[in-house]
Amino acid sequence: MKRLFATASSTLLLLCSAAVSAQDTSQGPSTAKKSDLTQAVTPLRVQVVFTEFDGEKKISSMPYTFSVNADERRTRPNSQVRSGVRVPIATNKDQFTYLDIGTNIDCSAMQQDDGRFKLTMNVERSSISPDVNGSSNTPPAVRQFRAEINPVLKDGQTVEGIASTDPLTGHVYRVSVTLNVIK
């Protein structure tokens, strides 16, 4: 009799715990996981402007505008811009190698809790420098500017992400970033 009572109690306890366990898994974790997967994506328009100054005099201004989606889960940047030319450089008589000259921008965005957006950006600009030595027989000098910047911006805001001085010419390069939410 005791054995029958113990077996019945064990079976009843096992059935109750299985029912409670099944009830917990049907409500909790699956709904949380679904909401994580359906997080809203916010489309943004980003403008990056490379400006070069010689003292107070503006020499050039190169704007680039592109779209990027905030909160898009990807392993690589959401937006990539590649703009430039491939310049032939003589390596031997009748042999050339090509060098990419221009602008590269990689950008991704994440929305912050306060409604602003954090941009993760790699910017690169290269150009052929005018002949420093005055001799056309010397290979060209290639000027390069590279930076990783992470500005946090609200809709409509512009910031100067970085300013840098060219050690060869003394020119100042400034990179400004503007963010707008696409509505």
# chains A, B, ... in the order shown; residues from 1 in each chain; ligands from 1
$ residues_around --residues "Arg174 in chain A" --least-positions-apart "4" --cutoff "12 Å" --atoms "only C-alpha atoms" --output "PyMOL selection string"
chain A and resi 48-54+58-63+123+125+145-147+159-166
$ atom_distance --atom1 "CA of Gln157 in chain A" --atom2 "CA of Val177 in chain A"
8.3 Å
$ residues_around --residues "Gly102 in chain A" --least-positions-apart "5" --cutoff "8 Å" --atoms "only C-alpha atoms" --output "CSV table (one decimal) with N, CA and C atoms, in the first residue's frame"
chain,number,residue,atom,x,y,z
A,82,ARG,N,32.9,54.0,-52.7
A,82,ARG,CA,34.2,53.9,-53.3
A,82,ARG,C,34.2,54.8,-54.5
A,83,SER,N,35.0,55.9,-54.5
A,83,SER,CA,34.9,56.8,-55.6
A,83,SER,C,36.4,57.3,-55.9
A,84,GLY,N,36.8,57.1,-57.2
A,84,GLY,CA,38.1,57.5,-57.5
A,84,GLY,C,38.6,57.0,-58.9
A,85,VAL,N,39.9,56.9,-59.0
A,85,VAL,CA,40.5,56.4,-60.3
A,85,VAL,C,41.6,55.5,-60.0
A,125,ARG,N,40.9,59.1,-47.7
A,125,ARG,CA,41.0,60.0,-48.9
A,125,ARG,C,42.5,60.0,-49.4
A,126,SER,N,42.7,59.8,-50.6
A,126,SER,CA,44.1,59.8,-51.2
A,126,SER,C,44.1,60.6,-52.4
A,127,SER,N,45.2,61.3,-52.7
A,127,SER,CA,45.4,62.1,-53.9
A,127,SER,C,46.9,62.1,-54.3
$ closest_residue --among "A:Asp106, A:Asp155, A:Glu148, A:Asp113" --to "Tyr64 in chain A" --atoms "only C-alpha atoms"
A:Asp106
$ atom_distance --atom1 "CA of Tyr173 in chain A" --atom2 "CA of Cys107 in chain A"
19.6 Å
$ closest_residue --among "A:Met110, A:Ile89, A:Val142, A:Ile182" --to "Phe66 in chain A" --atoms "only C-alpha atoms"
A:Ile182
$ atom_distance --atom1 "CA of Pro140 in chain A" --atom2 "CA of Asn104 in chain A"
20.6 Å
$ closest_residue --among "A:Leu153, A:Val68, A:Val172, A:Val81" --to "Phe117 in chain A" --atoms "only C-alpha atoms"
A:Leu153
$ residues_around --residues "Gln111 in chain A" --least-positions-apart "3" --cutoff "12 Å" --atoms "only C-alpha atoms" --output "PyMOL selection string"
chain A and resi 39-44+68-72+108+114-120+151-155+181
$ write_last_selection --atoms "N, CA and C atoms" --output "PDB file, in the first residue's frame"
ATOM      1  N   GLN A  39      13.315  43.905 -34.647  1.00  0.00           N
ATOM      2  CA  GLN A  39      13.644  45.275 -34.268  1.00  0.00           C
ATOM      3  C   GLN A  39      13.568  46.177 -35.503  1.00  0.00           C
ATOM      4  N   ALA A  40      12.991  47.359 -35.301  1.00  0.00           N
ATOM      5  CA  ALA A  40      12.766  48.277 -36.416  1.00  0.00           C
ATOM      6  C   ALA A  40      14.083  48.795 -36.987  1.00  0.00           C
ATOM      7  N   VAL A  41      14.113  48.977 -38.288  1.00  0.00           N
ATOM      8  CA  VAL A  41      15.249  49.554 -38.988  1.00  0.00           C
ATOM      9  C   VAL A  41      14.878  50.989 -39.346  1.00  0.00           C
ATOM     10  N   THR A  42      15.781  51.936 -39.038  1.00  0.00           N
ATOM     11  CA  THR A  42      15.538  53.349 -39.326  1.00  0.00           C
ATOM     12  C   THR A  42      16.437  53.789 -40.470  1.00  0.00           C
ATOM     13  N   PRO A  43      15.859  54.210 -41.602  1.00  0.00           N
ATOM     14  CA  PRO A  43      16.685  54.674 -42.727  1.00  0.00           C
ATOM     15  C   PRO A  43      17.220  56.082 -42.450  1.00  0.00           C
ATOM     16  N   LEU A  44      18.515  56.286 -42.730  1.00  0.00           N
ATOM     17  CA  LEU A  44      19.183  57.562 -42.498  1.00  0.00           C
ATOM     18  C   LEU A  44      19.855  58.037 -43.775  1.00  0.00           C
ATOM     19  N   VAL A  68      22.044  54.883 -45.104  1.00  0.00           N
ATOM     20  CA  VAL A  68      22.468  53.795 -44.229  1.00  0.00           C
ATOM     21  C   VAL A  68      21.286  53.451 -43.331  1.00  0.00           C
ATOM     22  N   ASN A  69      21.122  52.195 -42.995  1.00  0.00           N
ATOM     23  CA  ASN A  69      20.035  51.760 -42.122  1.00  0.00           C
ATOM     24  C   ASN A  69      20.549  51.566 -40.712  1.00  0.00           C
ATOM     25  N   ALA A  70      19.922  52.239 -39.757  1.00  0.00           N
ATOM     26  CA  ALA A  70      20.295  52.081 -38.355  1.00  0.00           C
ATOM     27  C   ALA A  70      19.705  50.777 -37.825  1.00  0.00           C
ATOM     28  N   ASP A  71      20.492  50.106 -37.005  1.00  0.00           N
ATOM     29  CA  ASP A  71      20.084  48.887 -36.306  1.00  0.00           C
ATOM     30  C   ASP A  71      19.904  47.682 -37.216  1.00  0.00           C
ATOM     31  N   GLU A  72      20.519  47.690 -38.363  1.00  0.00           N
ATOM     32  CA  GLU A  72      20.496  46.528 -39.233  1.00  0.00           C
ATOM     33  C   GLU A  72      21.619  45.598 -38.773  1.00  0.00           C
ATOM     34  N   SER A 108      28.237  52.376 -40.634  1.00  0.00           N
ATOM     35  CA  SER A 108      27.097  51.665 -40.063  1.00  0.00           C
ATOM     36  C   SER A 108      26.537  52.524 -38.935  1.00  0.00           C
ATOM     37  N   ASP A 114      18.432  57.365 -26.296  1.00  0.00           N
ATOM     38  CA  ASP A 114      17.912  58.734 -26.234  1.00  0.00           C
ATOM     39  C   ASP A 114      17.448  59.255 -27.598  1.00  0.00           C
ATOM     40  N   GLY A 115      17.416  58.394 -28.631  1.00  0.00           N
ATOM     41  CA  GLY A 115      16.934  58.797 -29.948  1.00  0.00           C
ATOM     42  C   GLY A 115      18.025  59.268 -30.894  1.00  0.00           C
ATOM     43  N   ARG A 116      19.247  59.459 -30.406  1.00  0.00           N
ATOM     44  CA  ARG A 116      20.353  59.835 -31.284  1.00  0.00           C
ATOM     45  C   ARG A 116      20.883  58.576 -31.964  1.00  0.00           C
ATOM     46  N   PHE A 117      21.793  58.784 -32.922  1.00  0.00           N
ATOM     47  CA  PHE A 117      22.350  57.668 -33.692  1.00  0.00           C
ATOM     48  C   PHE A 117      23.869  57.695 -33.595  1.00  0.00           C
ATOM     49  N   LYS A 118      24.456  56.537 -33.302  1.00  0.00           N
ATOM     50  CA  LYS A 118      25.913  56.415 -33.270  1.00  0.00           C
ATOM     51  C   LYS A 118      26.361  55.853 -34.615  1.00  0.00           C
ATOM     52  N   LEU A 119      27.183  56.633 -35.309  1.00  0.00           N
ATOM     53  CA  LEU A 119      27.747  56.184 -36.581  1.00  0.00           C
ATOM     54  C   LEU A 119      29.132  55.607 -36.330  1.00  0.00           C
ATOM     55  N   THR A 120      29.429  54.508 -36.954  1.00  0.00           N
ATOM     56  CA  THR A 120      30.771  53.937 -36.944  1.00  0.00           C
ATOM     57  C   THR A 120      31.287  54.082 -38.363  1.00  0.00           C
ATOM     58  N   PRO A 151      30.849  59.481 -34.474  1.00  0.00           N
ATOM     59  CA  PRO A 151      30.011  60.557 -33.934  1.00  0.00           C
ATOM     60  C   PRO A 151      28.630  60.045 -33.515  1.00  0.00           C
ATOM     61  N   VAL A 152      28.078  60.691 -32.492  1.00  0.00           N
ATOM     62  CA  VAL A 152      26.717  60.419 -32.050  1.00  0.00           C
ATOM     63  C   VAL A 152      25.905  61.667 -32.379  1.00  0.00           C
ATOM     64  N   LEU A 153      24.908  61.506 -33.267  1.00  0.00           N
ATOM     65  CA  LEU A 153      24.171  62.654 -33.811  1.00  0.00           C
ATOM     66  C   LEU A 153      22.674  62.473 -33.667  1.00  0.00           C
ATOM     67  N   LYS A 154      21.971  63.600 -33.544  1.00  0.00           N
ATOM     68  CA  LYS A 154      20.512  63.569 -33.616  1.00  0.00           C
ATOM     69  C   LYS A 154      20.103  63.990 -35.025  1.00  0.00           C
ATOM     70  N   ASP A 155      18.839  63.818 -35.334  1.00  0.00           N
ATOM     71  CA  ASP A 155      18.314  64.151 -36.651  1.00  0.00           C
ATOM     72  C   ASP A 155      18.601  65.621 -36.973  1.00  0.00           C
ATOM     73  N   VAL A 181      17.230  61.752 -40.616  1.00  0.00           N
ATOM     74  CA  VAL A 181      16.351  60.581 -40.659  1.00  0.00           C
ATOM     75  C   VAL A 181      15.483  60.718 -41.904  1.00  0.00           C
TER      76      VAL A 181
END
$ residues_around --residues "Thr97 in chain A" --least-positions-apart "6" --cutoff "9 Å" --atoms "only C-alpha atoms" --output "PDB file with N, CA and C atoms, in the first residue's frame"
ATOM      1  N   VAL A  87      45.306  54.883 -61.039  1.00  0.00           N
ATOM      2  CA  VAL A  87      46.381  55.611 -61.704  1.00  0.00           C
ATOM      3  C   VAL A  87      47.512  54.640 -62.042  1.00  0.00           C
ATOM      4  N   PRO A  88      47.954  54.609 -63.312  1.00  0.00           N
ATOM      5  CA  PRO A  88      49.070  53.724 -63.659  1.00  0.00           C
ATOM      6  C   PRO A  88      50.389  54.310 -63.151  1.00  0.00           C
ATOM      7  N   ILE A  89      51.191  53.466 -62.517  1.00  0.00           N
ATOM      8  CA  ILE A  89      52.522  53.842 -62.031  1.00  0.00           C
ATOM      9  C   ILE A  89      53.520  52.910 -62.719  1.00  0.00           C
ATOM     10  N   ALA A  90      54.495  53.481 -63.409  1.00  0.00           N
ATOM     11  CA  ALA A  90      55.494  52.665 -64.110  1.00  0.00           C
ATOM     12  C   ALA A  90      56.381  51.959 -63.083  1.00  0.00           C
ATOM     13  N   THR A  91      56.537  50.646 -63.246  1.00  0.00           N
ATOM     14  CA  THR A  91      57.418  49.870 -62.373  1.00  0.00           C
ATOM     15  C   THR A  91      58.715  49.501 -63.091  1.00  0.00           C
TER      16      THR A  91
END
